[in-house]
Amino acid sequence: MSGRTLFDKVWDEHIVVPESEDAPAIFYIDLHLIHEVTTPQAFSLLRERGLEVRRPDLHLATMDHSTPTVPVSSLADLDVVAEPQAAGQIRAMIDNCRDFGIELHGFDSEYRGIVHVIGPELGATQPGKTIVCGDSHSSTHGAFGAIAFGIGSTEVGHVLATQCLLQRKPQRMAVTIDGRLTAGVSAKDVILALIGEIGVDGGTGYAIEYRGSTIRALNMEQRMTICNMTIEAGARIGMIAPDDTTIDYLAGRPRAPQGDAWDAAVARWRALPSDPDAVFDREVSLDVSGLEPMVTFGTNPGMVIPISGRIPDHGDDVSFRKALEYMGLQAGQPMLGTPVDMVFVGSCTNSRMTDLRRVAELLRGRRVADSLSMLIVPGSQSVKHQAEAEGLHEIFIAAGAEWRESGCSMCLGMNGDVVPPGKLCVSTSNRNFEGRQGVGARTVLASPETAVASAIAGRIADPRELLAA
Amino acid sequence: MEKIVRIESPTLVLPQDDIDTDQIMPARYLTTTTKEGLGDAIFADWRYDADGRPIPDFPLNQPGAKDCKILVTGNNFGCGSSREHAPWGLVDFGFRAVISTQIADIFRNNALKNGLVPVVVDSETHAWLLANPGARLAVDVEQRRLELPDGRSVPFPLDGFSRLCLMEGIDQLGYLLKHEDAIRRFEETRPWQP
């Protein structure tokens with residue numbers, strides 16, 4: 001019998017009832033993360049059926065999606081700054097968590113933030129756990145060697161009521177990434193290159209394990225950027241085996257195990273990496289030693305080119321033509337030099353301290369072009385406070401950028417932070433779908449480095465030139 | 001949940017590839033706390049102009065669209081977000097099946113819990129469906145086959161449990177709740193606690 005993968009080890013340990021031809025497995029969930037947008041209908045279902053939350057201690061709630069990024073210190077403030085229906089959703093979240101006994105990081109919590117930023121920050125995200133959330137970017141938590149995936153609201157109800165889901169085991173894909181990243185190239189460029197390589201449906205039906213020397217060299221925040229965008233390649237799950245980097249990150253965090261429990265947990269985590277003879281259903285390799293900064297040109301994350309490249313020509317492919325028409329771009333044209341109206345740094349992909357320190361380093365002593373506006377939204381209140389303690393916000397503001405409270409913000413434009421119709425935004429977020437950042441908004445996905453270079457130039461620019469300057 | 005054994009209907013075709021859940025249900029409609037009325041919001045940015053008026057030549061705005069229970073799309077449907085508002089809206093509009101060459105994993109799970117049958121077909125059948133909008137088809141859940149008007153019958157993948165849940169209108173939460181003893185035993189005997 002061949003060895004087991006990281007994914008197999010975590011999966012097998014959470015099977016309550018094994019799957020058969022007639023029924024999926026009953027699969028146990030160790031941590032359920034909750035936000036305001038995809039849960040109200042699930043709580044309503046519990047109320048209608050007179051059900052309790054089975055294990056309130058295994059759920060953790062915050063508000064991020066429709067939550068304002070201008071300061072809100074009370075619910076009275078909320079009614080002033082939020083759209084009425086969004087405010088209603090936030091109030092429903094507060095009531096639901098109170099009524100069902102779930103820990104909520106609301107406006108009064110120093111830990112509030114994007115759900116995929118606070119889970120790791122609190123140390124609630126741990127190797128070997130199963131983690132779900134009504135949000136597809138739950139794949140982020142796989143960076144710790146957890147099985148983490150997005151679910152719909154009906155499944156949110158299942159987890160609340162039973163702590164379990166009905167699941168069939170996906171296939172396993174190994175993505176091996178080797179090579180040393182050159183200056184100005186970062187984790188975001190790696191994952192965009194991979195999506196360009198395998199396509200937006202290349203991972204459908206698979207759980208991915210990322211491995212190789214490039215992955216080992218990344219810190220936890222960079223690994224989260226990689227796993228976060230796994231869903232953009234069609235796979236629900238993207239994992240990285242825990243190592244010293246993972247363990248060092250978790251040590252001392254509020255929800256991490258302490259004392260003897262810590263030692264036991266570390267011993268368990270050390271046994272999780274895939275066995276040397278483990279077999280995957282599909283293997284993909286990527287050499288990133290010559291990788292350039294990557295930028296998208298179309299309306300899905302697979303429509304991506306190196307920054308020195310030109311938009312490909314797909315002839316009369318209707319979908320491709322429609323995408324370019326939406327973006328106001330043409331086949332054969334370079335992305336470099338395209339005028340930019342807005343720059344957004346934020347989202348569960350790129351809003352952590354690694355990203356903000358990098359942005360500050362490149363912005364220091366420089367100015368954002370007068371022709372555009374730049375919004376910087378920290379991933380959590382903890383990130384915000386840390387950035388301010390390091391004085392980064394002063395660099396952002398001095399450069400002419402706006403500095404906000406934490407939240408999902410302009411990644412999906414639910415809270416009023418939107419890109420106007422026809423305007424082009426270079427964004428460190430994860431989706432360039434039509435209308436994602438606002439009706440008619442044009443999104444170019446890029447790394448924080450490329451976002452800053454473009455903000456300074458007023459057009460899409462190569463961050464490596466900024467480093468050389 | 002409504003029982004679905006067999007769906008017979010003309011198709012409505014949206015030929016675009018990679019239709020994502022932000023197109024099916026734009027995020028600004030997600031601030032609702034119910035499932036009601038989402039059929040009016042599906043494909044909103046393709047369906048209405050800037051003043052909110054229906055764009056006449058968009059397929060969903062054409063006469064008879066509301067009678068189409070089968071949606072045929074370009075390659076790879078439903079990628080992106082986990083928002084169940086997408087299948088809620090499609091079902092509210094009147095669709096009971098969606099046909100493509102690939103259907104994203106999270107969307108597929110959500111569709112199956114709401115009486116929307118995900119039908120994945122080969123590229124030859126798909127090309128015929130795209131070329132023949134309005135064709136009258138049958139999606140036979142019991143047989144797991146798609147029946148075309150020219151007599152062709154094409155199998156599609158659907159696991160036994162999902163098939164049964166669709167045909168019997170089974171509530172999966174009820175199924176899970178019946179396993180309470182197994183869940184408690186699992187919690188009591190697992191080697192570590194989360």
# chains A, B, ... in the order shown; residues from 1 in each chain; ligands from 1

call {"tool": "residues_around", "arguments": {"residues": "region 67-70 of chain A", "least_positions_apart": "6", "cutoff": "9 Å", "atoms": "only C-alpha atoms", "output": "VMD selection string"}}
result
chain A and resid 36 78 81 to 82 86 to 87 90 377 404 to 409 414 to 417

call {"tool": "write_last_selection", "arguments": {"atoms": "N, CA and C atoms", "output": "PDB file, in the first residue's frame"}}
result
ATOM      1  N   GLU A  36     -21.459  37.842   7.973  1.00  0.00           N
ATOM      2  CA  GLU A  36     -22.845  38.301   7.949  1.00  0.00           C
ATOM      3  C   GLU A  36     -23.623  37.962   6.684  1.00  0.00           C
ATOM      4  N   LEU A  78     -23.582  52.971  12.421  1.00  0.00           N
ATOM      5  CA  LEU A  78     -23.784  52.058  11.306  1.00  0.00           C
ATOM      6  C   LEU A  78     -24.917  52.544  10.411  1.00  0.00           C
ATOM      7  N   VAL A  81     -23.685  55.287   8.053  1.00  0.00           N
ATOM      8  CA  VAL A  81     -22.726  55.009   6.973  1.00  0.00           C
ATOM      9  C   VAL A  81     -23.087  53.815   6.088  1.00  0.00           C
ATOM     10  N   ALA A  82     -23.930  52.921   6.561  1.00  0.00           N
ATOM     11  CA  ALA A  82     -24.193  51.708   5.769  1.00  0.00           C
ATOM     12  C   ALA A  82     -25.525  51.810   5.046  1.00  0.00           C
ATOM     13  N   ALA A  86     -27.749  46.390   4.215  1.00  0.00           N
ATOM     14  CA  ALA A  86     -26.479  45.879   4.740  1.00  0.00           C
ATOM     15  C   ALA A  86     -26.448  46.033   6.263  1.00  0.00           C
ATOM     16  N   ALA A  87     -26.944  47.172   6.753  1.00  0.00           N
ATOM     17  CA  ALA A  87     -27.000  47.379   8.201  1.00  0.00           C
ATOM     18  C   ALA A  87     -27.892  46.323   8.849  1.00  0.00           C
ATOM     19  N   ILE A  90     -26.008  43.112   9.235  1.00  0.00           N
ATOM     20  CA  ILE A  90     -25.042  43.165  10.338  1.00  0.00           C
ATOM     21  C   ILE A  90     -25.770  43.003  11.676  1.00  0.00           C
ATOM     22  N   VAL A 377      -6.770  49.004   2.488  1.00  0.00           N
ATOM     23  CA  VAL A 377      -7.689  48.491   3.505  1.00  0.00           C
ATOM     24  C   VAL A 377      -7.043  47.296   4.204  1.00  0.00           C
ATOM     25  N   ARG A 404      -7.992  52.874   5.632  1.00  0.00           N
ATOM     26  CA  ARG A 404      -9.328  52.582   6.151  1.00  0.00           C
ATOM     27  C   ARG A 404      -9.328  51.581   7.313  1.00  0.00           C
ATOM     28  N   GLU A 405     -10.544  51.360   7.833  1.00  0.00           N
ATOM     29  CA  GLU A 405     -10.789  50.263   8.778  1.00  0.00           C
ATOM     30  C   GLU A 405     -10.805  48.956   7.965  1.00  0.00           C
ATOM     31  N   SER A 406     -10.723  47.812   8.661  1.00  0.00           N
ATOM     32  CA  SER A 406     -10.617  46.528   7.957  1.00  0.00           C
ATOM     33  C   SER A 406     -11.943  46.066   7.366  1.00  0.00           C
ATOM     34  N   GLY A 407     -11.847  45.210   6.365  1.00  0.00           N
ATOM     35  CA  GLY A 407     -13.033  44.603   5.761  1.00  0.00           C
ATOM     36  C   GLY A 407     -12.738  44.142   4.347  1.00  0.00           C
ATOM     37  N   CYS A 408     -13.749  43.530   3.707  1.00  0.00           N
ATOM     38  CA  CYS A 408     -13.569  43.013   2.342  1.00  0.00           C
ATOM     39  C   CYS A 408     -13.558  44.155   1.323  1.00  0.00           C
ATOM     40  N   SER A 409     -14.314  45.201   1.623  1.00  0.00           N
ATOM     41  CA  SER A 409     -14.228  46.464   0.889  1.00  0.00           C
ATOM     42  C   SER A 409     -14.352  46.289  -0.621  1.00  0.00           C
ATOM     43  N   MET A 414     -19.445  45.299  -1.809  1.00  0.00           N
ATOM     44  CA  MET A 414     -20.754  45.142  -1.163  1.00  0.00           C
ATOM     45  C   MET A 414     -21.061  46.226  -0.158  1.00  0.00           C
ATOM     46  N   ASN A 415     -20.023  46.907   0.316  1.00  0.00           N
ATOM     47  CA  ASN A 415     -20.196  47.814   1.445  1.00  0.00           C
ATOM     48  C   ASN A 415     -20.188  49.281   1.020  1.00  0.00           C
ATOM     49  N   GLY A 416     -20.296  49.519  -0.279  1.00  0.00           N
ATOM     50  CA  GLY A 416     -20.271  50.890  -0.777  1.00  0.00           C
ATOM     51  C   GLY A 416     -18.924  51.297  -1.338  1.00  0.00           C
ATOM     52  N   ASP A 417     -17.854  50.527  -1.069  1.00  0.00           N
ATOM     53  CA  ASP A 417     -16.543  50.823  -1.659  1.00  0.00           C
ATOM     54  C   ASP A 417     -16.518  50.208  -3.065  1.00  0.00           C
TER      55      ASP A 417
END

call {"tool": "residues_around", "arguments": {"residues": "Ser153 (chain B)", "least_positions_apart": "2", "cutoff": "12 Å", "atoms": "only C-alpha atoms", "output": "ChimeraX atom specification"}}
result
/B:121,125,137-140,143-151,155-156

call {"tool": "write_last_selection", "arguments": {"atoms": "N, CA and C atoms", "output": "mmCIF file, in the first residue's frame"}}
result
data_model
loop_
_atom_site.group_PDB
_atom_site.id
_atom_site.type_symbol
_atom_site.label_atom_id
_atom_site.label_comp_id
_atom_site.auth_asym_id
_atom_site.auth_seq_id
_atom_site.Cartn_x
_atom_site.Cartn_y
_atom_site.Cartn_z
ATOM 1 N N VAL B 121 -22.127 17.518 -19.863
ATOM 2 C CA VAL B 121 -22.175 16.729 -21.097
ATOM 3 C C VAL B 121 -20.858 16.828 -21.865
ATOM 4 N N THR B 125 -22.165 16.937 -27.715
ATOM 5 C CA THR B 125 -23.551 17.213 -27.323
ATOM 6 C C THR B 125 -23.708 18.693 -26.983
ATOM 7 N N LEU B 137 -35.890 19.384 -24.612
ATOM 8 C CA LEU B 137 -35.104 18.273 -24.065
ATOM 9 C C LEU B 137 -35.825 17.652 -22.887
ATOM 10 N N ALA B 138 -35.338 16.478 -22.507
ATOM 11 C CA ALA B 138 -35.755 15.908 -21.229
ATOM 12 C C ALA B 138 -34.502 15.612 -20.405
ATOM 13 N N VAL B 139 -34.512 16.063 -19.170
ATOM 14 C CA VAL B 139 -33.468 15.678 -18.223
ATOM 15 C C VAL B 139 -34.101 14.625 -17.327
ATOM 16 N N ASP B 140 -33.664 13.393 -17.505
ATOM 17 C CA ASP B 140 -34.256 12.300 -16.741
ATOM 18 C C ASP B 140 -33.338 11.975 -15.555
ATOM 19 N N GLN B 143 -33.062 8.079 -14.734
ATOM 20 C CA GLN B 143 -32.176 7.313 -15.628
ATOM 21 C C GLN B 143 -30.781 7.942 -15.744
ATOM 22 N N ARG B 144 -30.619 9.168 -15.221
ATOM 23 C CA ARG B 144 -29.376 9.934 -15.367
ATOM 24 C C ARG B 144 -29.021 10.098 -16.841
ATOM 25 N N ARG B 145 -30.014 10.484 -17.622
ATOM 26 C CA ARG B 145 -29.798 10.668 -19.061
ATOM 27 C C ARG B 145 -30.465 11.936 -19.541
ATOM 28 N N LEU B 146 -29.828 12.519 -20.557
ATOM 29 C CA LEU B 146 -30.376 13.679 -21.236
ATOM 30 C C LEU B 146 -30.928 13.191 -22.572
ATOM 31 N N GLU B 147 -32.184 13.525 -22.851
ATOM 32 C CA GLU B 147 -32.794 13.071 -24.102
ATOM 33 C C GLU B 147 -32.942 14.242 -25.058
ATOM 34 N N LEU B 148 -32.371 14.088 -26.255
ATOM 35 C CA LEU B 148 -32.420 15.134 -27.269
ATOM 36 C C LEU B 148 -33.581 14.883 -28.228
ATOM 37 N N PRO B 149 -34.069 15.940 -28.899
ATOM 38 C CA PRO B 149 -35.242 15.765 -29.773
ATOM 39 C C PRO B 149 -35.016 14.799 -30.923
ATOM 40 N N ASP B 150 -33.736 14.599 -31.335
ATOM 41 C CA ASP B 150 -33.492 13.674 -32.457
ATOM 42 C C ASP B 150 -33.384 12.218 -32.001
ATOM 43 N N GLY B 151 -33.738 11.967 -30.743
ATOM 44 C CA GLY B 151 -33.759 10.594 -30.257
ATOM 45 C C GLY B 151 -32.489 10.178 -29.537
ATOM 46 N N PRO B 155 -25.884 9.949 -21.385
ATOM 47 C CA PRO B 155 -25.815 9.818 -19.920
ATOM 48 C C PRO B 155 -25.091 11.016 -19.298
ATOM 49 N N PHE B 156 -25.451 11.360 -18.070
ATOM 50 C CA PHE B 156 -24.689 12.389 -17.343
ATOM 51 C C PHE B 156 -24.417 11.891 -15.928
#

call {"tool": "closest_residue", "arguments": {"among": "A:Leu58, A:Val284, A:Ala387, A:Met327", "to": "Gly435 (chain A)", "atoms": "only C-alpha atoms"}}
result
A:Met327

call {"tool": "residues_around", "arguments": {"residues": "region 352-355 of chain A", "least_positions_apart": "6", "cutoff": "9 Å", "atoms": "only C-alpha atoms", "output": "JSON, numbers by chain"}}
result
{"A": [117, 219, 221, 222, 345, 346, 378, 379, 380, 383, 384, 386, 387, 447, 448, 449]}

call {"tool": "write_last_selection", "arguments": {"atoms": "N, CA and C atoms", "output": "PDB file, in the first residue's frame"}}
result
ATOM      1  N   VAL A 117      -8.527  36.364   7.524  1.00  0.00           N
ATOM      2  CA  VAL A 117      -7.351  36.976   8.139  1.00  0.00           C
ATOM      3  C   VAL A 117      -7.364  36.701   9.643  1.00  0.00           C
ATOM      4  N   ASN A 219       6.824  32.851   3.741  1.00  0.00           N
ATOM      5  CA  ASN A 219       6.306  32.943   5.119  1.00  0.00           C
ATOM      6  C   ASN A 219       4.820  32.591   5.120  1.00  0.00           C
ATOM      7  N   GLU A 221       2.112  34.274   5.651  1.00  0.00           N
ATOM      8  CA  GLU A 221       1.199  35.210   4.978  1.00  0.00           C
ATOM      9  C   GLU A 221       1.278  35.045   3.464  1.00  0.00           C
ATOM     10  N   GLN A 222       2.476  34.782   2.968  1.00  0.00           N
ATOM     11  CA  GLN A 222       2.629  34.544   1.521  1.00  0.00           C
ATOM     12  C   GLN A 222       1.999  33.211   1.116  1.00  0.00           C
ATOM     13  N   VAL A 345      -5.478  48.152  -2.524  1.00  0.00           N
ATOM     14  CA  VAL A 345      -4.655  47.182  -1.797  1.00  0.00           C
ATOM     15  C   VAL A 345      -5.509  46.665  -0.642  1.00  0.00           C
ATOM     16  N   GLY A 346      -5.798  45.390  -0.665  1.00  0.00           N
ATOM     17  CA  GLY A 346      -6.617  44.818   0.391  1.00  0.00           C
ATOM     18  C   GLY A 346      -7.100  43.443  -0.005  1.00  0.00           C
ATOM     19  N   PRO A 378      -6.688  47.450   5.486  1.00  0.00           N
ATOM     20  CA  PRO A 378      -6.041  46.345   6.203  1.00  0.00           C
ATOM     21  C   PRO A 378      -6.998  45.159   6.367  1.00  0.00           C
ATOM     22  N   GLY A 379      -6.420  43.953   6.456  1.00  0.00           N
ATOM     23  CA  GLY A 379      -7.224  42.744   6.547  1.00  0.00           C
ATOM     24  C   GLY A 379      -7.962  42.586   7.862  1.00  0.00           C
ATOM     25  N   SER A 380      -7.461  43.226   8.897  1.00  0.00           N
ATOM     26  CA  SER A 380      -8.119  43.092  10.199  1.00  0.00           C
ATOM     27  C   SER A 380      -7.763  44.307  11.037  1.00  0.00           C
ATOM     28  N   VAL A 383      -4.198  43.948  12.142  1.00  0.00           N
ATOM     29  CA  VAL A 383      -3.259  44.399  11.110  1.00  0.00           C
ATOM     30  C   VAL A 383      -3.216  45.928  11.118  1.00  0.00           C
ATOM     31  N   LYS A 384      -4.393  46.530  11.247  1.00  0.00           N
ATOM     32  CA  LYS A 384      -4.457  48.005  11.239  1.00  0.00           C
ATOM     33  C   LYS A 384      -3.615  48.577  12.383  1.00  0.00           C
ATOM     34  N   GLN A 386      -1.219  47.145  14.120  1.00  0.00           N
ATOM     35  CA  GLN A 386       0.207  46.850  13.951  1.00  0.00           C
ATOM     36  C   GLN A 386       0.828  47.798  12.920  1.00  0.00           C
ATOM     37  N   ALA A 387       0.128  48.003  11.809  1.00  0.00           N
ATOM     38  CA  ALA A 387       0.637  48.894  10.756  1.00  0.00           C
ATOM     39  C   ALA A 387       0.805  50.309  11.319  1.00  0.00           C
ATOM     40  N   SER A 447      -0.023  41.935  -7.968  1.00  0.00           N
ATOM     41  CA  SER A 447       0.591  41.858  -6.640  1.00  0.00           C
ATOM     42  C   SER A 447       0.561  43.239  -5.988  1.00  0.00           C
ATOM     43  N   PRO A 448       0.788  43.305  -4.671  1.00  0.00           N
ATOM     44  CA  PRO A 448       0.904  44.617  -4.021  1.00  0.00           C
ATOM     45  C   PRO A 448       2.025  45.458  -4.646  1.00  0.00           C
ATOM     46  N   GLU A 449       3.115  44.812  -5.042  1.00  0.00           N
ATOM     47  CA  GLU A 449       4.249  45.536  -5.635  1.00  0.00           C
ATOM     48  C   GLU A 449       3.833  46.219  -6.940  1.00  0.00           C
TER      49      GLU A 449
END

call {"tool": "interface_residues", "arguments": {"of": "chain B", "to": "chain A", "cutoff": "7 Å", "atoms": "only C-alpha atoms", "output": "PDB file with N, CA and C atoms, in the first residue's frame"}}
result
ATOM      1  N   GLN B  16     -21.922  32.122 -23.310  1.00  0.00           N
ATOM      2  CA  GLN B  16     -20.676  32.615 -22.702  1.00  0.00           C
ATOM      3  C   GLN B  16     -19.973  31.500 -21.902  1.00  0.00           C
ATOM      4  N   ASP B  17     -18.644  31.383 -22.053  1.00  0.00           N
ATOM      5  CA  ASP B  17     -17.855  30.442 -21.241  1.00  0.00           C
ATOM      6  C   ASP B  17     -17.615  31.034 -19.846  1.00  0.00           C
ATOM      7  N   ASP B  22     -20.605  35.759  -9.746  1.00  0.00           N
ATOM      8  CA  ASP B  22     -20.831  37.209  -9.712  1.00  0.00           C
ATOM      9  C   ASP B  22     -21.725  37.650 -10.870  1.00  0.00           C
ATOM     10  N   ALA B  27     -22.957  40.860  -6.353  1.00  0.00           N
ATOM     11  CA  ALA B  27     -22.812  40.951  -4.897  1.00  0.00           C
ATOM     12  C   ALA B  27     -23.778  41.944  -4.254  1.00  0.00           C
ATOM     13  N   ARG B  28     -24.187  42.974  -5.002  1.00  0.00           N
ATOM     14  CA  ARG B  28     -25.048  43.972  -4.357  1.00  0.00           C
ATOM     15  C   ARG B  28     -26.420  43.410  -3.979  1.00  0.00           C
ATOM     16  N   LEU B  30     -26.679  40.596  -2.381  1.00  0.00           N
ATOM     17  CA  LEU B  30     -26.427  39.613  -1.315  1.00  0.00           C
ATOM     18  C   LEU B  30     -26.720  40.154   0.080  1.00  0.00           C
ATOM     19  N   THR B  31     -27.189  41.400   0.174  1.00  0.00           N
ATOM     20  CA  THR B  31     -27.463  41.926   1.521  1.00  0.00           C
ATOM     21  C   THR B  31     -28.813  41.463   2.051  1.00  0.00           C
ATOM     22  N   THR B  32     -29.531  40.665   1.273  1.00  0.00           N
ATOM     23  CA  THR B  32     -30.817  40.146   1.738  1.00  0.00           C
ATOM     24  C   THR B  32     -30.606  39.111   2.854  1.00  0.00           C
ATOM     25  N   THR B  33     -31.603  39.001   3.730  1.00  0.00           N
ATOM     26  CA  THR B  33     -31.515  37.968   4.766  1.00  0.00           C
ATOM     27  C   THR B  33     -32.519  36.835   4.495  1.00  0.00           C
ATOM     28  N   THR B  34     -33.151  36.857   3.297  1.00  0.00           N
ATOM     29  CA  THR B  34     -34.081  35.780   2.931  1.00  0.00           C
ATOM     30  C   THR B  34     -33.657  35.212   1.570  1.00  0.00           C
ATOM     31  N   ASN B  76     -17.812  25.467 -18.664  1.00  0.00           N
ATOM     32  CA  ASN B  76     -17.458  25.772 -17.268  1.00  0.00           C
ATOM     33  C   ASN B  76     -18.374  26.797 -16.622  1.00  0.00           C
ATOM     34  N   CYS B  79     -18.215  29.080 -11.672  1.00  0.00           N
ATOM     35  CA  CYS B  79     -16.990  29.245 -10.897  1.00  0.00           C
ATOM     36  C   CYS B  79     -17.099  30.493 -10.023  1.00  0.00           C
ATOM     37  N   GLY B  80     -16.210  30.582  -9.036  1.00  0.00           N
ATOM     38  CA  GLY B  80     -16.190  31.755  -8.169  1.00  0.00           C
ATOM     39  C   GLY B  80     -16.746  31.474  -6.791  1.00  0.00           C
ATOM     40  N   SER B  81     -17.552  32.396  -6.340  1.00  0.00           N
ATOM     41  CA  SER B  81     -17.989  32.476  -4.946  1.00  0.00           C
ATOM     42  C   SER B  81     -18.900  31.320  -4.522  1.00  0.00           C
ATOM     43  N   SER B  82     -19.051  31.133  -3.209  1.00  0.00           N
ATOM     44  CA  SER B  82     -19.891  30.058  -2.669  1.00  0.00           C
ATOM     45  C   SER B  82     -21.329  30.502  -2.483  1.00  0.00           C
ATOM     46  N   ARG B  83     -21.677  31.717  -2.886  1.00  0.00           N
ATOM     47  CA  ARG B  83     -23.016  32.281  -2.634  1.00  0.00           C
ATOM     48  C   ARG B  83     -24.120  31.365  -3.151  1.00  0.00           C
ATOM     49  N   GLU B  84     -24.945  30.882  -2.240  1.00  0.00           N
ATOM     50  CA  GLU B  84     -26.050  30.009  -2.633  1.00  0.00           C
ATOM     51  C   GLU B  84     -27.161  30.838  -3.277  1.00  0.00           C
ATOM     52  N   ALA B 104     -18.676  24.050 -11.638  1.00  0.00           N
ATOM     53  CA  ALA B 104     -17.765  24.249 -10.507  1.00  0.00           C
ATOM     54  C   ALA B 104     -18.261  23.508  -9.264  1.00  0.00           C
ATOM     55  N   ASP B 105     -17.316  23.035  -8.458  1.00  0.00           N
ATOM     56  CA  ASP B 105     -17.633  22.146  -7.327  1.00  0.00           C
ATOM     57  C   ASP B 105     -18.610  22.757  -6.314  1.00  0.00           C
ATOM     58  N   ILE B 106     -18.346  23.983  -5.875  1.00  0.00           N
ATOM     59  CA  ILE B 106     -19.199  24.562  -4.823  1.00  0.00           C
ATOM     60  C   ILE B 106     -20.586  24.850  -5.392  1.00  0.00           C
ATOM     61  N   ASN B 110     -24.247  23.358  -4.109  1.00  0.00           N
ATOM     62  CA  ASN B 110     -25.355  24.246  -3.768  1.00  0.00           C
ATOM     63  C   ASN B 110     -26.581  23.966  -4.636  1.00  0.00           C
ATOM     64  N   GLY B 160     -25.442   8.440  -6.667  1.00  0.00           N
ATOM     65  CA  GLY B 160     -26.677   7.797  -6.242  1.00  0.00           C
ATOM     66  C   GLY B 160     -27.420   8.565  -5.162  1.00  0.00           C
ATOM     67  N   PHE B 161     -26.682   9.130  -4.238  1.00  0.00           N
ATOM     68  CA  PHE B 161     -27.309   9.858  -3.122  1.00  0.00           C
ATOM     69  C   PHE B 161     -27.992  11.128  -3.631  1.00  0.00           C
ATOM     70  N   LEU B 173     -30.420  17.758   5.802  1.00  0.00           N
ATOM     71  CA  LEU B 173     -30.224  18.056   7.228  1.00  0.00           C
ATOM     72  C   LEU B 173     -30.903  16.977   8.080  1.00  0.00           C
ATOM     73  N   LEU B 176     -28.666  14.006   8.204  1.00  0.00           N
ATOM     74  CA  LEU B 176     -27.534  14.180   9.130  1.00  0.00           C
ATOM     75  C   LEU B 176     -27.986  14.071  10.589  1.00  0.00           C
ATOM     76  N   LEU B 177     -29.127  14.689  10.890  1.00  0.00           N
ATOM     77  CA  LEU B 177     -29.608  14.682  12.287  1.00  0.00           C
ATOM     78  C   LEU B 177     -29.862  13.256  12.785  1.00  0.00           C
ATOM     79  N   ALA B 182     -23.792   8.566  16.013  1.00  0.00           N
ATOM     80  CA  ALA B 182     -22.473   8.361  15.412  1.00  0.00           C
ATOM     81  C   ALA B 182     -21.612   9.601  15.603  1.00  0.00           C
ATOM     82  N   ILE B 183     -22.230  10.774  15.495  1.00  0.00           N
ATOM     83  CA  ILE B 183     -21.473  12.023  15.646  1.00  0.00           C
ATOM     84  C   ILE B 183     -20.968  12.140  17.093  1.00  0.00           C
ATOM     85  N   PHE B 186     -18.130   9.756  17.651  1.00  0.00           N
ATOM     86  CA  PHE B 186     -16.910  10.284  17.018  1.00  0.00           C
ATOM     87  C   PHE B 186     -16.247  11.313  17.931  1.00  0.00           C
ATOM     88  N   PRO B 194     -10.648  19.579  18.981  1.00  0.00           N
ATOM     89  CA  PRO B 194     -10.337  20.858  18.326  1.00  0.00           C
ATOM     90  C   PRO B 194     -10.524  22.051  19.282  1.00  0.00           C
TER      91      PRO B 194
END

call {"tool": "atom_distance", "arguments": {"atom1": "CA of Ala183 (chain A)", "atom2": "CA of Gly365 (chain A)"}}
result
19.8 Å

call {"tool": "select_by_dssp", "arguments": {"residues": "chain B", "states": "helix (DSSP H, G or I)", "output": "VMD selection string"}}
result
chain B and resid 21 to 24 27 to 29 38 to 40 44 to 47 59 to 61 65 to 67 85 to 93 105 to 112 123 to 131 160 to 168 172 to 177 180 to 189

call {"tool": "select_by_dssp", "arguments": {"residues": "region 42-192 of chain B", "states": "strand (DSSP E or B)", "output": "ChimeraX atom specification"}}
result
/B:48,54,70-73,77,79,97-100,103,117-120,136-140,145-147,153-155

call {"tool": "closest_residue", "arguments": {"among": "B:Leu60, B:Ala44, B:Leu12, B:Ala50", "to": "Pro26 (chain B)", "atoms": "only C-alpha atoms"}}
result
B:Ala44

call {"tool": "atom_distance", "arguments": {"atom1": "CA of Arg464 (chain A)", "atom2": "CA of Leu336 (chain A)"}}
result
12.5 Å
